[in-house]
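For reference, query_28.cif is printed below; it contains mmCIF, C-alpha atoms.
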data_start
#
loop_
_atom_site.label_atom_id
_atom_site.label_comp_id
_atom_site.auth_asym_id
_atom_site.auth_seq_id
_atom_site.Cartn_x
_atom_site.Cartn_y
_atom_site.Cartn_z
CA MET A 224 10.74 82.74 -19.78
CA ILE A 225 12.07 85.97 -21.29
CA ARG A 226 15.02 86.19 -23.64
CA ILE A 227 17.56 88.79 -22.57
CA GLY A 228 20.28 90.47 -24.62
CA VAL A 229 23.00 92.26 -22.66
CA LEU A 230 25.20 95.03 -24.05
CA ILE A 231 28.56 95.61 -22.35
CA SER A 232 31.80 97.54 -22.74
CA GLY A 233 33.80 96.33 -19.76
CA SER A 234 34.28 93.84 -16.98
CA GLY A 235 30.65 92.80 -16.89
CA THR A 236 30.02 92.38 -13.18
CA ASN A 237 26.39 93.35 -13.67
CA LEU A 238 26.20 90.90 -16.59
CA GLN A 239 27.46 88.22 -14.20
CA ALA A 240 24.83 89.13 -11.60
CA ILE A 241 22.12 88.81 -14.26
CA ILE A 242 23.47 85.47 -15.54
CA ASP A 243 23.62 84.12 -11.98
CA ALA A 244 20.08 85.30 -11.24
CA CYS A 245 18.81 83.52 -14.37
CA ASN A 246 20.70 80.33 -13.57
CA SER A 247 19.37 80.22 -10.02
CA GLY A 248 15.80 80.71 -11.23
CA TYR A 249 15.46 84.10 -9.49
CA ILE A 250 14.77 85.66 -12.89
CA ASP A 251 12.35 83.75 -15.09
CA GLY A 252 14.55 84.36 -18.08
CA LYS A 253 17.74 83.56 -19.92
CA VAL A 254 20.59 85.64 -21.28
CA VAL A 255 20.58 84.53 -24.90
CA VAL A 256 23.22 86.87 -26.30
CA VAL A 257 25.92 89.28 -25.12
CA ILE A 258 27.33 92.04 -27.33
CA SER A 259 30.42 94.07 -26.53
CA ASN A 260 31.62 97.14 -28.39
CA LYS A 261 35.07 96.64 -26.86
CA GLU A 262 37.24 93.79 -28.03
CA ASP A 263 39.01 93.28 -24.71
CA ALA A 264 35.94 93.51 -22.45
CA TYR A 265 36.22 90.84 -19.75
CA GLY A 266 32.46 90.43 -19.88
CA ARG A 267 32.99 88.51 -23.14
CA VAL A 268 34.89 85.86 -21.18
CA ARG A 269 32.07 85.71 -18.65
CA ALA A 270 29.59 85.08 -21.47
CA ARG A 271 31.69 82.31 -23.02
CA LYS A 272 32.21 80.66 -19.62
CA ALA A 273 28.43 80.64 -19.19
CA GLY A 274 27.94 79.13 -22.65
CA ILE A 275 26.23 82.27 -23.97
CA PRO A 276 26.82 83.38 -27.58
CA GLU A 277 28.80 86.61 -27.55
CA TYR A 278 29.63 89.14 -30.25
CA TYR A 279 32.17 91.87 -30.56
CA ILE A 280 30.75 94.72 -32.62
CA SER A 281 32.98 97.76 -32.83
CA HIS A 282 31.48 101.21 -33.23
CA ARG A 283 34.66 102.49 -34.87
CA GLY A 284 34.48 103.95 -38.34
CA LYS A 285 30.70 103.54 -38.47
CA SER A 286 27.88 106.04 -38.27
CA ARG A 287 25.80 105.73 -35.13
CA GLU A 288 22.96 104.28 -37.16
CA GLU A 289 25.18 101.73 -38.94
CA PHE A 290 26.57 100.58 -35.60
CA GLU A 291 23.11 100.32 -34.09
CA ASP A 292 21.78 98.41 -37.09
CA GLU A 293 24.46 95.81 -36.47
CA LEU A 294 23.38 95.56 -32.83
CA ILE A 295 19.75 95.27 -33.88
CA GLU A 296 20.53 92.54 -36.39
CA VAL A 297 22.06 90.36 -33.68
CA LEU A 298 19.38 91.18 -31.10
CA GLU A 299 16.66 90.28 -33.62
CA LYS A 300 18.40 87.08 -34.60
CA TYR A 301 18.24 85.98 -30.97
CA GLU A 302 14.66 87.24 -30.59
CA VAL A 303 15.34 89.15 -27.39
CA ASP A 304 12.44 90.39 -25.28
CA LEU A 305 14.61 92.70 -23.19
CA VAL A 306 17.82 94.59 -23.88
CA ALA A 307 19.85 95.26 -20.74
CA LEU A 308 22.69 97.79 -20.87
CA ALA A 309 25.34 96.76 -18.34
CA GLY A 310 28.26 99.15 -18.37
CA PHE A 311 27.69 99.82 -22.06
CA MET A 312 29.54 103.06 -22.74
CA ARG A 313 27.95 104.21 -26.01
CA ILE A 314 25.03 106.63 -26.19
CA LEU A 315 22.21 105.03 -28.16
CA SER A 316 20.36 107.23 -30.63
CA PRO A 317 16.57 107.53 -31.02
CA HIS A 318 16.92 105.09 -33.94
CA PHE A 319 17.72 102.35 -31.41
CA VAL A 320 15.89 103.67 -28.34
CA ARG A 321 12.49 104.08 -30.03
CA ARG A 322 12.61 100.54 -31.35
CA TYR A 323 13.12 99.07 -27.87
CA TYR A 324 11.38 101.61 -25.64
CA GLY A 325 9.82 99.85 -22.65
CA ARG A 326 12.09 96.84 -23.08
CA LEU A 327 15.44 98.61 -22.86
CA MET A 328 16.98 99.06 -19.40
CA ASN A 329 20.13 100.65 -18.03
CA ILE A 330 21.83 100.74 -14.65
CA HIS A 331 23.42 103.95 -13.42
CA PRO A 332 25.64 104.28 -10.31
CA ALA A 333 23.88 107.30 -8.77
CA LEU A 334 20.49 108.29 -7.44
CA LEU A 335 19.12 109.84 -10.62
CA PRO A 336 18.31 112.57 -11.49
CA ALA A 337 21.37 113.47 -9.41
CA PHE A 338 24.72 112.82 -11.10
CA PRO A 339 23.89 111.77 -14.66
CA GLY A 340 26.85 111.09 -16.96
CA ILE A 341 30.10 109.28 -16.26
CA ASN A 342 32.51 108.80 -13.33
CA VAL A 343 29.65 109.62 -11.02
CA GLN A 344 30.84 107.55 -8.06
CA GLU A 345 33.81 109.88 -7.76
CA LYS A 346 31.60 112.90 -8.39
CA GLN A 347 29.30 111.89 -5.54
CA TRP A 348 32.29 111.56 -3.23
CA GLU A 349 33.69 114.94 -4.32
CA TYR A 350 30.33 116.66 -3.91
CA GLY A 351 30.19 115.38 -0.35
CA VAL A 352 26.84 113.61 -0.43
CA LYS A 353 26.07 111.61 2.72
CA ILE A 354 23.85 109.23 0.76
CA ALA A 355 24.84 107.81 -2.64
CA GLY A 356 23.17 105.07 -4.64
CA CYS A 357 22.21 103.53 -7.94
CA THR A 358 19.27 103.40 -10.32
CA VAL A 359 17.81 100.98 -12.87
CA HIS A 360 15.69 102.81 -15.43
CA PHE A 361 14.07 102.35 -18.77
CA VAL A 362 16.11 104.13 -21.41
CA ASP A 363 14.55 107.06 -23.23
CA GLU A 364 16.06 109.47 -25.72
CA GLY A 365 17.88 111.51 -23.07
CA THR A 366 21.02 110.60 -21.16
CA ASP A 367 20.07 108.86 -17.89
CA THR A 368 16.63 110.49 -17.95
CA GLY A 369 14.24 107.56 -18.49
CA PRO A 370 11.52 106.28 -16.13
CA ILE A 371 12.99 104.88 -12.91
CA ILE A 372 12.27 101.24 -12.05
CA ILE A 373 14.25 100.76 -8.86
CA GLN A 374 16.78 102.63 -6.74
CA ALA A 375 19.04 101.76 -3.84
CA ALA A 376 20.69 104.18 -1.40
CA VAL A 377 23.88 103.67 0.62
CA PRO A 378 25.73 105.79 3.21
CA VAL A 379 28.93 107.71 2.48
CA TYR A 380 31.13 108.06 5.56
CA SER A 381 33.55 110.85 6.46
CA ASP A 382 36.63 108.66 6.00
CA ASP A 383 35.49 106.92 2.82
CA THR A 384 37.58 107.09 -0.31
CA ALA A 385 35.89 107.43 -3.68
CA GLU A 386 36.72 103.74 -4.20
CA ASP A 387 34.89 102.78 -0.99
CA VAL A 388 31.85 104.58 -2.34
CA ARG A 389 32.17 102.88 -5.73
CA LEU A 390 32.26 99.42 -4.14
CA ARG A 391 29.37 100.14 -1.79
CA ILE A 392 27.25 101.25 -4.74
CA LEU A 393 28.34 98.29 -6.87
CA GLU A 394 27.16 95.84 -4.22
CA GLN A 395 23.67 97.30 -4.56
CA GLU A 396 23.83 97.36 -8.37
CA HIS A 397 24.25 93.59 -8.29
CA LYS A 398 20.98 93.32 -6.38
CA ILE A 399 18.77 95.88 -8.07
CA TYR A 400 19.51 94.99 -11.68
CA PRO A 401 18.47 91.33 -11.28
CA LEU A 402 15.41 92.47 -9.30
CA ALA A 403 14.36 94.96 -12.00
CA ILE A 404 14.68 92.24 -14.66
CA LYS A 405 12.80 89.77 -12.47
CA LEU A 406 9.91 92.25 -12.14
CA PHE A 407 9.95 92.83 -15.91
CA ALA A 408 9.94 89.08 -16.60
CA GLU A 409 6.94 88.71 -14.32
CA GLY A 410 5.08 91.40 -16.28
CA ARG A 411 4.80 93.62 -13.23
CA LEU A 412 6.17 96.89 -14.66
CA THR A 413 3.95 99.51 -16.30
CA ILE A 414 5.18 102.90 -17.49
CA GLU A 415 2.72 105.74 -16.80
CA GLY A 416 4.28 108.92 -18.11
CA ARG A 417 7.48 109.29 -16.13
CA ARG A 418 6.44 106.91 -13.36
CA VAL A 419 6.93 103.16 -13.30
CA ILE A 420 4.04 101.40 -11.56
CA ILE A 421 4.94 98.10 -9.94
CA GLN A 422 2.21 95.48 -9.59
CA GLY A 423 2.14 93.69 -6.25
CA GLU A 424 4.83 95.98 -4.89
CA LYS A 425 6.12 95.11 -1.44
CA LYS A 426 6.12 98.15 0.82
CA LYS A 427 8.98 97.38 3.06
CA GLY A 428 9.03 100.82 4.71
CA GLY A 429 12.11 101.99 6.53
CA PHE A 430 14.59 104.71 5.78
CA LEU A 431 18.32 105.30 5.57
CA MET A 432 19.86 108.13 7.57
CA ASN A 433 23.55 109.06 7.47
CA PRO A 434 25.21 109.96 9.72
CA SER A 435 23.04 108.03 12.14
CA GLU A 436 22.53 108.66 15.81
CA MET B 196 25.32 125.04 25.58
CA ILE B 197 24.91 126.73 22.19
CA ARG B 198 22.52 129.58 21.50
CA ILE B 199 20.35 128.96 18.45
CA GLY B 200 18.42 131.47 16.34
CA VAL B 201 15.76 130.02 14.05
CA LEU B 202 14.40 131.78 10.94
CA ILE B 203 10.96 130.72 9.72
CA SER B 204 8.27 131.67 7.24
CA GLY B 205 5.57 129.11 7.98
CA SER B 206 4.15 126.49 10.27
CA GLY B 207 7.43 125.75 11.97
CA THR B 208 7.29 121.99 12.41
CA ASN B 209 11.07 121.79 12.14
CA LEU B 210 11.34 124.65 14.64
CA GLN B 211 9.19 122.56 16.99
CA ALA B 212 11.43 119.51 16.51
CA ILE B 213 14.46 121.64 17.41
CA ILE B 214 12.77 123.17 20.46
CA ASP B 215 11.72 119.71 21.67
CA ALA B 216 15.23 118.33 21.14
CA CYS B 217 16.69 121.17 23.19
CA ASN B 218 14.12 120.77 25.96
CA SER B 219 14.75 117.04 26.23
CA GLY B 220 18.52 117.56 26.43
CA TYR B 221 19.15 115.75 23.13
CA ILE B 222 20.73 118.96 21.81
CA ASP B 223 23.12 120.70 24.19
CA GLY B 224 21.64 124.04 23.25
CA LYS B 225 18.75 126.44 23.49
CA VAL B 226 16.61 128.28 20.95
CA VAL B 227 17.08 131.85 22.12
CA VAL B 228 15.21 133.70 19.38
CA VAL B 229 12.84 133.01 16.49
CA ILE B 230 12.40 135.42 13.58
CA SER B 231 9.64 135.17 10.98
CA ASN B 232 9.38 137.19 7.79
CA LYS B 233 5.69 136.32 7.60
CA GLU B 234 3.26 137.91 10.03
CA ASP B 235 0.86 134.96 10.11
CA ALA B 236 3.46 132.18 10.40
CA TYR B 237 2.22 129.60 12.93
CA GLY B 238 5.79 129.05 14.04
CA ARG B 239 5.52 132.37 15.89
CA VAL B 240 2.83 130.82 18.09
CA ARG B 241 5.07 127.81 18.71
CA ALA B 242 7.87 130.15 19.85
CA ARG B 243 5.60 132.07 22.21
CA LYS B 244 4.18 128.84 23.65
CA ALA B 245 7.74 127.72 24.36
CA GLY B 246 8.57 131.05 26.01
CA ILE B 247 11.05 132.01 23.28
CA PRO B 248 11.34 135.65 22.17
CA GLU B 249 10.01 135.96 18.63
CA TYR B 250 10.17 138.75 16.08
CA TYR B 251 8.27 139.49 12.91
CA ILE B 252 10.54 141.22 10.43
CA SER B 253 9.00 141.79 7.03
CA HIS B 254 11.16 141.88 3.93
CA ARG B 255 8.62 144.04 2.12
CA GLY B 256 9.70 147.42 0.79
CA LYS B 257 13.29 146.86 1.89
CA SER B 258 16.45 146.13 -0.04
CA ARG B 259 17.84 142.66 0.58
CA GLU B 260 20.67 144.17 2.59
CA GLU B 261 18.38 146.34 4.71
CA PHE B 262 16.22 143.32 5.51
CA GLU B 263 19.24 141.20 6.37
CA ASP B 264 20.70 143.93 8.56
CA GLU B 265 17.52 143.83 10.62
CA LEU B 266 17.86 140.07 10.98
CA ILE B 267 21.51 140.44 11.95
CA GLU B 268 20.69 143.08 14.54
CA VAL B 269 18.32 140.72 16.33
CA LEU B 270 20.61 137.68 15.98
CA GLU B 271 23.52 139.68 17.42
CA LYS B 272 21.40 140.99 20.26
CA TYR B 273 20.70 137.38 21.27
CA GLU B 274 24.31 136.34 20.69
CA VAL B 275 23.44 133.30 18.62
CA ASP B 276 26.09 130.68 17.89
CA LEU B 277 24.04 129.00 15.17
CA VAL B 278 21.42 130.24 12.73
CA ALA B 279 19.01 127.51 11.63
CA LEU B 280 16.77 128.14 8.63
CA ALA B 281 13.56 126.17 9.09
CA GLY B 282 11.19 126.70 6.20
CA PHE B 283 12.53 130.23 5.74
CA MET B 284 11.47 131.20 2.23
CA ARG B 285 13.83 134.11 1.46
CA ILE B 286 17.12 133.72 -0.39
CA LEU B 287 19.91 135.16 1.76
CA SER B 288 22.57 137.23 0.02
CA PRO B 289 26.34 136.92 0.43
CA HIS B 290 26.07 139.87 2.82
CA PHE B 291 24.34 137.57 5.31
CA VAL B 292 25.78 134.21 4.29
CA ARG B 293 29.44 135.23 4.55
CA ARG B 294 28.91 136.57 8.05
CA TYR B 295 27.52 133.27 9.30
CA TYR B 296 29.27 130.72 7.07
CA GLY B 297 29.92 127.53 9.02
CA ARG B 298 27.23 128.37 11.58
CA LEU B 299 24.28 128.76 9.21
CA MET B 300 22.26 125.63 8.40
CA ASN B 301 19.28 124.86 6.23
CA ILE B 302 17.03 121.85 5.74
CA HIS B 303 15.87 120.91 2.26
CA PRO B 304 13.22 118.26 1.45
CA ALA B 305 15.20 116.39 -1.23
CA LEU B 306 18.42 114.45 -1.61
CA LEU B 307 20.62 117.30 -2.79
CA PRO B 308 22.05 117.98 -5.31
CA ALA B 309 18.88 116.49 -6.82
CA PHE B 310 15.85 118.77 -6.74
CA PRO B 311 17.09 122.13 -5.48
CA GLY B 312 14.53 124.95 -5.29
CA ILE B 313 10.91 124.89 -4.14
CA ASN B 314 7.97 122.46 -4.18
CA VAL B 315 10.46 119.66 -4.51
CA GLN B 316 8.39 116.98 -2.77
CA GLU B 317 5.89 117.22 -5.62
CA LYS B 318 8.71 117.40 -8.17
CA GLN B 319 10.22 114.18 -6.82
CA TRP B 320 6.85 112.46 -7.12
CA GLU B 321 6.33 113.77 -10.67
CA TYR B 322 9.81 112.72 -11.74
CA GLY B 323 9.06 109.21 -10.55
CA VAL B 324 11.98 108.69 -8.18
CA LYS B 325 11.76 105.48 -6.16
CA ILE B 326 13.84 107.02 -3.37
CA ALA B 327 13.24 110.53 -2.07
CA GLY B 328 14.72 112.22 0.98
CA CYS B 329 15.95 115.30 2.76
CA THR B 330 19.21 117.09 3.49
CA VAL B 331 20.64 119.35 6.20
CA HIS B 332 23.49 121.46 4.85
CA PHE B 333 25.57 124.46 5.69
CA VAL B 334 24.40 127.42 3.63
CA ASP B 335 26.79 128.88 1.08
CA GLU B 336 26.23 131.57 -1.51
CA GLY B 337 24.38 129.29 -3.92
CA THR B 338 20.82 128.00 -3.64
CA ASP B 339 20.83 124.64 -1.84
CA THR B 340 24.46 124.04 -2.80
CA GLY B 341 26.32 124.16 0.54
CA PRO B 342 28.29 121.36 2.23
CA ILE B 343 26.02 118.48 3.26
CA ILE B 344 25.88 117.53 6.96
CA ILE B 345 23.30 114.76 6.98
CA GLN B 346 20.82 113.13 4.62
CA ALA B 347 17.94 110.69 4.98
CA ALA B 348 16.36 108.58 2.23
CA VAL B 349 12.81 107.19 2.08
CA PRO B 350 10.96 104.99 -0.40
CA VAL B 351 8.34 106.27 -2.85
CA TYR B 352 5.72 103.66 -3.68
CA SER B 353 3.73 103.18 -6.89
CA ASP B 354 0.45 104.23 -5.30
CA ASP B 355 1.79 107.15 -3.29
CA THR B 356 0.37 110.61 -3.76
CA ALA B 357 2.69 113.61 -3.69
CA GLU B 358 1.29 114.30 -0.21
CA ASP B 359 2.30 110.82 0.98
CA VAL B 360 5.82 111.58 -0.20
CA ARG B 361 5.82 114.98 1.52
CA LEU B 362 4.79 113.46 4.85
CA ARG B 363 7.30 110.61 4.61
CA ILE B 364 10.09 113.10 3.99
CA LEU B 365 8.87 115.42 6.76
CA GLU B 366 9.08 112.61 9.32
CA GLN B 367 12.79 112.30 8.53
CA GLU B 368 13.33 116.07 8.54
CA HIS B 369 12.21 116.10 12.15
CA LYS B 370 14.97 113.62 12.99
CA ILE B 371 17.89 114.85 10.91
CA TYR B 372 17.66 118.55 11.73
CA PRO B 373 17.93 117.99 15.51
CA LEU B 374 20.72 115.48 14.91
CA ALA B 375 22.69 117.92 12.72
CA ILE B 376 22.36 120.61 15.40
CA LYS B 377 23.32 118.14 18.13
CA LEU B 378 26.52 117.26 16.21
CA PHE B 379 27.26 120.96 15.72
CA ALA B 380 26.70 121.68 19.42
CA GLU B 381 29.12 118.88 20.28
CA GLY B 382 31.76 120.44 18.03
CA ARG B 383 31.89 117.36 15.82
CA LEU B 384 31.44 118.99 12.39
CA THR B 385 34.36 120.18 10.26
CA ILE B 386 34.02 121.55 6.74
CA GLU B 387 36.78 120.39 4.39
CA GLY B 388 36.12 121.93 1.00
CA ARG B 389 32.73 120.58 0.00
CA ARG B 390 32.79 117.69 2.46
CA VAL B 391 31.62 117.74 6.07
CA ILE B 392 33.77 115.52 8.27
CA ILE B 393 32.00 114.11 11.32
CA GLN B 394 34.08 113.30 14.37
CA GLY B 395 33.19 110.01 16.06
CA GLU B 396 30.78 109.15 13.28
CA LYS B 397 28.72 106.02 13.80
CA LYS B 398 28.89 103.77 10.76
CA LYS B 399 25.57 102.11 10.93
CA GLY B 400 25.86 100.47 7.51
CA GLY B 401 22.77 99.22 5.75
CA PHE B 402 21.03 100.39 2.63
CA LEU B 403 17.58 101.28 1.38
CA MET B 404 16.23 99.57 -1.74
CA ASN B 405 12.88 100.37 -3.32
CA PRO B 406 11.02 98.45 -4.57
CA SER B 407 12.31 95.69 -2.35
CA GLU B 408 12.25 91.99 -2.95
#

With the file now loaded, output its structure as structure tokens.
Amino acid sequence: MIRIGVLISGSGTNLQAIIDACNSGYIDGKVVVVISNKEDAYGRVRARKAGIPEYYISHRGKSREEFEDELIEVLEKYEVDLVALAGFMRILSPHFVRRYYGRLMNIHPALLPAFPGINVQEKQWEYGVKIAGCTVHFVDEGTDTGPIIIQAAVPVYSDDTAEDVRLRILEQEHKIYPLAIKLFAEGRLTIEGRRVIIQGEKKKGGFLMNPSE
Amino acid sequence: MIRIGVLISGSGTNLQAIIDACNSGYIDGKVVVVISNKEDAYGRVRARKAGIPEYYISHRGKSREEFEDELIEVLEKYEVDLVALAGFMRILSPHFVRRYYGRLMNIHPALLPAFPGINVQEKQWEYGVKIAGCTVHFVDEGTDTGPIIIQAAVPVYSDDTAEDVRLRILEQEHKIYPLAIKLFAEGRLTIEGRRVIIQGEKKKGGFLMNPSE
């Protein structure tokens, strides 16, 4: 059973999906600590409700390395095997990333390498893509550039608002992040260069076309 | 019934898909002329076999505008309503693009705006995406930047070769290009800024996740 630390900055819906997947036994693991860099993040309430120790560690007035050392101290105290970023809105420096490489994941609400950065649900809508999506990846020293573990694609319709697109992507986020962590907990992920090799991968086939016939 | 001109540089499998879709009545249209800028393009044979007038117009030793004027002369002679680029490997200048904007389409073997340019099937494999795909778009003055009409997404598996990915994408290309032209022929496509609005769009729903559970 792996020990998971989750870093958040906001409402923590992906945190909740991970907690639920651990509690149901879908993930062979346990969220042992949650850290927020925002005092008012609702994800902190979710952690407390689930009986998980949670910490508020502000980045304000600290160097990046000082802030990260405080994160590391807590993560080490709880002996985490995996660090999952779930709506954590701070860029982590090589100081942090190198220490956890291969056991540090992030979720991003676009089909990387398209639309790195922030507010990308709206950017996908504005660009006029017909297929949007989300990505779980290992974090490397770039921004949203690390090896991809899993992706999900969804349609964008002509009369969608940007909010429709955001919600359709979010629904998939809540599936792929638990699945990526499940695969990690089962020891089925291997990084080979830029590619993530998945042991015992199910080849479901299929495709998504939009608009459809 | 719309009159379609197709520009090719190579084997013309997308040309064939369009011809077949016209012959079966799926597209309310007819390929009236095929132009290749490569003398040995197999697509020329496909055109002749289908009884379609075909022209070889080399770009060699000509200015971009001179070359494009020769294309335009033939396209005007055949009174085309739509110009479909199908593996046509020359960049078209604003001189050509402005003349046909809104009735000039291209197919690209990636989920734009990810992976513009050439050899992108291999680039998707190398990058390690778990979902690849293809895009039909109206052509604007940029490279692979025009308003998106239709996209299709496919999985990329751990043990795939780049060739596996290429073939899986190609299978979808042969569906989405005829569909995009069918929608155009039915007058159902409207460009609003960067977004293509599709009249009477079917909302099929669904998603594609890879790896799957």

Provide the atom CA of A:Asp383 to atom CA of B:His303 distance in Å, to one decimal place.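 Atom-to-atom, atom CA of A:Asp383 and atom CA of B:His303 are spaced 24.1 Å apart.
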
Could you give me, as a tab-separated table, a per-residue list for chain B showing, wherever an atom lies at most 8 Å from an atom of chain A, the closest pair of atoms and their distance in Å to one decimal, using all atoms listed in the file and sorting by chain then residue number from low to high?
residue	atom	partner	partner_atom	distance
B:Leu306	CA	A:Ile354	CA	7.9
B:Leu307	CA	A:Val352	CA	7.6
B:Pro308	CA	A:Ala337	CA	6.1
B:Ala309	CA	A:Ala337	CA	4.7
B:Glu321	CA	A:Arg417	CA	7.2
B:Tyr322	CA	A:Arg417	CA	6.0
B:Gly323	CA	A:Arg418	CA	4.5
B:Val324	CA	A:Ile371	CA	6.2
B:Lys325	CA	A:Gln374	CA	5.8
B:Ile326	CA	A:Gln374	CA	6.3
B:Pro342	CA	A:Gly351	CA	6.8
B:Ile343	CA	A:Val352	CA	6.2
B:Ile344	CA	A:Lys353	CA	7.3
B:Ile345	CA	A:Asn433	CA	5.7
B:Gln346	CA	A:Asn433	CA	5.7
B:Ala347	CA	A:Met432	CA	4.1
B:Ala348	CA	A:Leu431	CA	5.1
B:Val349	CA	A:Phe430	CA	4.8
B:Pro350	CA	A:Gly428	CA	6.9
B:Tyr352	CA	A:Lys426	CA	7.1
B:Ser353	CA	A:Ile420	CA	5.0
B:Asp354	CA	A:Ile420	CA	7.8
B:Ile371	CA	A:Met432	CA	7.8
B:Leu374	CA	A:Glu436	CA	7.1
B:Arg389	CA	A:Gly351	CA	5.8
B:Arg390	CA	A:Gly351	CA	4.5
B:Val391	CA	A:Gly351	CA	7.0
B:Ile392	CA	A:Ser381	CA	5.0
B:Ile393	CA	A:Ser381	CA	6.1
B:Glu396	CA	A:Pro434	CA	6.7
B:Lys397	CA	A:Ser435	CA	6.2
B:Lys398	CA	A:Tyr380	CA	7.1
B:Lys399	CA	A:Ser435	CA	6.6
B:Gly400	CA	A:Pro378	CA	6.8
B:Gly401	CA	A:Val377	CA	6.9
B:Phe402	CA	A:Val377	CA	4.8
B:Leu403	CA	A:Ala376	CA	5.1
B:Met404	CA	A:Ala375	CA	4.1
B:Asn405	CA	A:Gln374	CA	5.7
B:Pro406	CA	A:Ile373	CA	5.8
B:Ser407	CA	A:Lys425	CA	6.3
B:Glu408	CA	A:Lys425	CA	7.0

Nearby residues (only C-alpha atoms) at most 12 Å from A:Ile295, same-chain spacing under 2 positions excluded, as an NGL selection string: :A and (228 or 230 or 256 or 258 or 280 or 288-293 or 297-303 or 306 or 315 or 318-320 or 322-323)

Shortest interatomic distance to B:Ala281 - which of B:Arg383, B:Lys318, B:Arg361, B:His332, counting only C-alpha atoms: B:His332

I'd like the contact shell of A:Val229 - 6 Å cut-off, all atoms listed in the file, skipping same-chain residues fewer than 3 positions apart - returned as a VMD selection string. chain A and resid 257 306 to 308

Using only C-alpha atoms for the distances, tell me which of A:Gly284, A:Gly248, A:Gly233, A:Gly410 is nearest to A:Arg326.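 Smallest distance to A:Arg326 is found for A:Gly410.
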
Answer key for the PyMOL selection byres ((chain B and resi 336) around 7), residues as number ranges by chain: B: 288-289, 292, 334-335, 337-338

Residues selected by the PyMOL selection byres ((chain B and resi 357) around 6), written as a compact mmCIF listing (two decimals) with C-alpha atoms, in the frame of the given file:
# COMPACT_ATOMS: atom_id res chain seq x y z
CA GLU B 317 5.89 117.22 -5.62
CA TRP B 320 6.85 112.46 -7.12
CA THR B 356 0.37 110.61 -3.76
CA GLU B 358 1.29 114.30 -0.21
CA ASP B 359 2.30 110.82 0.98
CA VAL B 360 5.82 111.58 -0.20

Got a sec to resolve the PyMOL selection byres ((chain A and resi 240) around 10) on this structure and send the residues as a ChimeraX atom specification? /A:235-239,241-246,396-401

Could you check how far atom CA of B:Ala242 sits from atom CA of B:Ser206, in Å to one decimal? 10.9 Å

Distance of atom CA of B:Glu366 from atom CA of B:Ile302, expressed in Å to one decimal place: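 According to the coordinates, atom CA of B:Ile302 and atom CA of B:Glu366 are separated by 12.7 Å.
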
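Proximity to B:Leu365 was assessed for B:Ser258, B:Ser204, B:Gln316, B:Ser253 counting all atoms listed in the file; the smallest distance is recorded for B:Gln316.
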
Edge lengths and centre in Å to one decimal, as lines of an AutoDock Vina configuration file, of the axis-aligned box that encloses all listed atoms of stretch 227-243 of chain B with 4 Å added on every side?
center_x = 9.0
center_y = 132.9
center_z = 14.9
size_x = 24.2
size_y = 18.1
size_z = 22.6

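Distance check against B:Val226 using all atoms listed in the file: of B:Val240, B:Ile376, B:Met284, B:Val331, the minimum falls on B:Ile376.
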